[in-house]
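Asks: Below is the file target10.pdb, which contains PDB, C-alpha atoms.
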ATOM      1  CA  GLN A 261       3.818 -28.757   4.249
ATOM      2  CA  VAL A 262       1.626 -25.710   3.657
ATOM      3  CA  GLN A 263       0.944 -24.242   0.249
ATOM      4  CA  ILE A 264      -0.129 -20.613  -0.012
ATOM      5  CA  VAL A 265      -2.042 -18.883  -2.786
ATOM      6  CA  GLU A 266      -2.354 -15.114  -2.761
ATOM      7  CA  SER A 267      -4.825 -13.058  -4.733
ATOM      8  CA  GLY A 268      -6.431  -9.639  -4.885
ATOM      9  CA  GLY A 269      -3.687  -7.363  -6.093
ATOM     10  CA  GLY A 270      -4.041  -4.985  -8.986
ATOM     11  CA  LEU A 271      -4.022  -1.417 -10.207
ATOM     12  CA  VAL A 272      -6.082   1.113  -8.288
ATOM     13  CA  GLN A 273      -6.319   4.883  -8.194
ATOM     14  CA  PRO A 274      -5.265   6.839  -5.115
ATOM     15  CA  GLY A 275      -8.024   6.705  -2.536
ATOM     16  CA  GLY A 276      -9.234   3.359  -3.794
ATOM     17  CA  SER A 277      -9.452   0.010  -2.047
ATOM     18  CA  LEU A 278      -8.212  -3.518  -2.525
ATOM     19  CA  ARG A 279      -8.608  -6.695  -0.525
ATOM     20  CA  LEU A 280      -5.757  -9.175  -0.527
ATOM     21  CA  SER A 281      -6.405 -12.813   0.259
ATOM     22  CA  CYS A 282      -4.060 -15.570   1.317
ATOM     23  CA  ALA A 283      -5.410 -19.113   1.246
ATOM     24  CA  ALA A 284      -3.491 -21.964   2.823
ATOM     25  CA  SER A 285      -3.567 -25.722   2.565
ATOM     26  CA  GLY A 286      -2.887 -28.236   5.299
ATOM     27  CA  ASN A 287      -4.097 -28.624   8.829
ATOM     28  CA  VAL A 288      -1.969 -26.261  10.864
ATOM     29  CA  PHE A 289      -3.302 -22.872   9.781
ATOM     30  CA  SER A 290      -5.075 -22.151  13.059
ATOM     31  CA  THR A 291      -1.799 -22.601  14.946
ATOM     32  CA  LEU A 292       0.185 -20.166  12.806
ATOM     33  CA  GLY A 293       0.724 -16.466  13.155
ATOM     34  CA  THR A 294      -0.200 -14.643   9.966
ATOM     35  CA  TYR A 295       1.695 -11.716   8.513
ATOM     36  CA  TRP A 296       1.583  -9.416   5.512
ATOM     37  CA  TYR A 297       4.844  -7.967   4.235
ATOM     38  CA  ARG A 298       5.546  -5.726   1.282
ATOM     39  CA  GLN A 299       8.524  -4.747  -0.801
ATOM     40  CA  ALA A 300       8.581  -1.649  -2.926
ATOM     41  CA  PRO A 301      11.167  -1.116  -5.667
ATOM     42  CA  GLY A 302      14.473  -0.105  -4.159
ATOM     43  CA  LYS A 303      13.228  -0.507  -0.608
ATOM     44  CA  GLN A 304      13.616  -3.098   2.094
ATOM     45  CA  HIS A 305      11.093  -5.742   2.949
ATOM     46  CA  GLU A 306       8.584  -4.227   5.380
ATOM     47  CA  LEU A 307       6.199  -5.867   7.833
ATOM     48  CA  VAL A 308       2.824  -4.260   7.172
ATOM     49  CA  ALA A 309       0.530  -6.065   9.590
ATOM     50  CA  PHE A 310       0.106  -9.229  11.571
ATOM     51  CA  ILE A 311      -2.600 -11.091  13.432
ATOM     52  CA  THR A 312      -1.810 -13.735  16.011
ATOM     53  CA  THR A 313      -3.631 -16.963  16.720
ATOM     54  CA  LEU A 314      -5.431 -15.086  19.501
ATOM     55  CA  GLY A 315      -6.568 -12.355  17.150
ATOM     56  CA  ILE A 316      -4.148  -9.699  18.320
ATOM     57  CA  THR A 317      -3.300  -7.308  15.505
ATOM     58  CA  ASN A 318      -0.600  -4.778  14.849
ATOM     59  CA  TYR A 319       0.219  -2.454  11.952
ATOM     60  CA  VAL A 320       3.093  -0.390  10.703
ATOM     61  CA  ASP A 321       2.378   3.262  11.443
ATOM     62  CA  SER A 322       2.035   4.232   7.792
ATOM     63  CA  VAL A 323      -1.058   2.042   7.306
ATOM     64  CA  LYS A 324      -2.816   2.445  10.652
ATOM     65  CA  GLY A 325      -6.411   3.494  10.165
ATOM     66  CA  ARG A 326      -6.374   2.466   6.499
ATOM     67  CA  PHE A 327      -5.546  -1.264   6.474
ATOM     68  CA  THR A 328      -7.262  -4.068   8.357
ATOM     69  CA  ILE A 329      -5.906  -7.580   8.743
ATOM     70  CA  SER A 330      -8.246 -10.458   9.539
ATOM     71  CA  ARG A 331      -8.210 -14.230   9.505
ATOM     72  CA  ASP A 332     -10.740 -17.014   9.078
ATOM     73  CA  ASN A 333      -9.465 -20.261  10.541
ATOM     74  CA  ALA A 334     -12.351 -22.268   9.096
ATOM     75  CA  LYS A 335     -11.407 -21.123   5.596
ATOM     76  CA  LYS A 336      -7.653 -21.239   6.346
ATOM     77  CA  ALA A 337      -7.342 -17.730   5.045
ATOM     78  CA  VAL A 338      -5.962 -14.356   6.008
ATOM     79  CA  TYR A 339      -7.016 -11.080   4.471
ATOM     80  CA  LEU A 340      -5.709  -7.547   4.179
ATOM     81  CA  GLN A 341      -8.337  -4.921   3.511
ATOM     82  CA  MET A 342      -6.628  -1.819   2.179
ATOM     83  CA  ASN A 343      -8.566   1.439   2.021
ATOM     84  CA  ASN A 344      -7.595   4.958   1.043
ATOM     85  CA  LEU A 345      -4.619   3.621  -0.864
ATOM     86  CA  LYS A 346      -1.719   5.935  -1.590
ATOM     87  CA  PRO A 347       0.987   5.787  -4.254
ATOM     88  CA  GLU A 348       3.512   4.925  -1.543
ATOM     89  CA  ASP A 349       1.574   1.709  -0.890
ATOM     90  CA  THR A 350       2.723   0.431  -4.288
ATOM     91  CA  ALA A 351       4.657  -2.777  -3.686
ATOM     92  CA  ILE A 352       4.604  -6.527  -3.970
ATOM     93  CA  TYR A 353       2.670  -7.868  -0.987
ATOM     94  CA  TYR A 354       3.585 -11.207   0.553
ATOM     95  CA  CYS A 355       1.687 -13.409   2.944
ATOM     96  CA  ASN A 356       3.715 -15.225   5.601
ATOM     97  CA  LEU A 357       2.448 -17.913   7.928
ATOM     98  CA  ARG A 358       4.715 -19.059  10.682
ATOM     99  CA  ARG A 359       5.305 -20.670  14.010
ATOM    100  CA  ILE A 360       9.013 -20.725  14.440
ATOM    101  CA  PRO A 361      10.929 -22.945  14.218
ATOM    102  CA  GLU A 362       8.834 -25.672  12.638
ATOM    103  CA  HIS A 363       6.718 -23.626  10.263
ATOM    104  CA  ASP A 364       7.580 -20.685   8.022
ATOM    105  CA  TYR A 365       5.680 -20.383   4.738
ATOM    106  CA  TRP A 366       5.573 -17.621   2.139
ATOM    107  CA  GLY A 367       3.180 -16.774  -0.644
ATOM    108  CA  GLN A 368       4.284 -15.971  -4.168
ATOM    109  CA  GLY A 369       3.503 -12.277  -3.812
ATOM    110  CA  THR A 370       0.842 -10.119  -5.380
ATOM    111  CA  GLN A 371       1.461  -6.756  -7.016
ATOM    112  CA  VAL A 372      -0.371  -3.701  -5.759
ATOM    113  CA  THR A 373      -0.022  -0.553  -7.845
ATOM    114  CA  VAL A 374      -1.580   2.730  -6.768
ATOM    115  CA  SER A 375      -1.508   5.243  -9.571
ATOM    116  CA  SER A 376      -3.719   7.710 -11.367
TER
END
As structure tokens, how would this structure be written, given the file I've shared?
Replies:
Amino acid sequence: QVQIVESGGGLVQPGGSLRLSCAASGNVFSTLGTYWYRQAPGKQHELVAFITTLGITNYVDSVKGRFTISRDNAKKAVYLQMNNLKPEDTAIYYCNLRRIPEHDYWGQGTQVTVSS
């Protein structure tokens, strides 16, 4: 079983930056794909970015060029660096680690609010 602890959310002005962290327990982290999702009020859950075990990354179009996902297998952690934040980035951000079907783990969510 893998436990996940997220951190790094908060209130930031438009144009600001935040770095989200997702720390995992257990011994399977390096074998899991790592994903960041978000859910804004009244909107559907959205996949923001992912990074595979091979380091391949992908982003939703709305964050390309502003967000960077990375992982550190030694620290069992995945990060989301968010720059040039916009009000429409306001959401609860969730970390997901998975290798279907055996492993599918979710963080508790961290609130990101972009407002002046």
Asks: Taking 2 positions as the minimum chain separation for residues in the same chain, which residues sit within 9 Å of Leu340 of chain A when counting all atoms listed in the file? Answer as number ranges by chain.
Replies: A: 278-282, 296, 309, 327-331, 338, 342
Asks: Between A:Ala337, A:Val308, A:Val374, A:Leu345, which residue has the minimum interatomic distance to Ser267 of chain A, considering all atoms listed in the file?
Replies: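 Closest to Ser267 of chain A of all the choices is A:Ala337.
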Asks: Can you tell me which residues surround Asp349 of chain A at a distance of at most 10 Å, considering all atoms listed in the file, apart from same-chain residues fewer than 5 positions away, and format the answer as an MDAnalysis selection string?
Replies: chainID A and resid 274 298:300 322:323 342 344 372:375
Asks: Can you tell me how far atom CA of Asn333 of chain A sits from atom CA of Tyr297 of chain A, in Å to one decimal?
Replies: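 Between atom CA of Asn333 of chain A and atom CA of Tyr297 of chain A the gap is 19.9 Å.
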Asks: Taking into account all atoms listed in the file, which residue in the set A:Lys303, A:Lys335, A:Leu357, A:Tyr295 is nearest to Ile316 of chain A?
Replies: A:Tyr295
Asks: What separation in Å, quoted to one decimal, exists between atom CA of Pro361 of chain A and atom CA of Lys336 of chain A?
Replies: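 Between atom CA of Pro361 of chain A and atom CA of Lys336 of chain A the gap is 20.3 Å.
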Asks: Quick one: residues within 8 Å of Thr313 of chain A, all atoms listed in the file counted, chain neighbours fewer than 3 positions away excluded, as a VMD selection string?
Replies: chain A and resid 290 to 294 316
Asks: Quick one: pull the distance between atom CA of Val262 of chain A and atom CA of Asn318 of chain A, Å, one decimal.
Replies: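 That distance, rounded to one decimal, is 23.8 Å.
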Asks: Of the candidates A:Ile352, A:Leu271, A:Ile264, A:Val288, which one gets nearest to Leu307 of chain A if we count all atoms listed in the file?
Replies: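 Among the listed residues, the smallest separation from Leu307 of chain A belongs to A:Ile352.
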Asks: Which residue is closest to Trp366 of chain A? Choose from A:Gly269, A:Gly275, A:Ala284, A:Tyr319 and count all atoms listed in the file.
Replies: A:Ala284
Asks: Find the residue from A:Ser376, A:Asn287, A:Gln368, A:Thr317 that sits nearest to Lys346 of chain A; use all atoms listed in the file when measuring.
Replies: A:Ser376
Asks: Which residue is closest to His363 of chain A? Choose from A:Gly302, A:Gly286, A:Gly315, A:Gly325 and count only C-alpha atoms.
Replies: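 Residue with the minimum atom-to-atom distance to His363 of chain A: A:Gly286.
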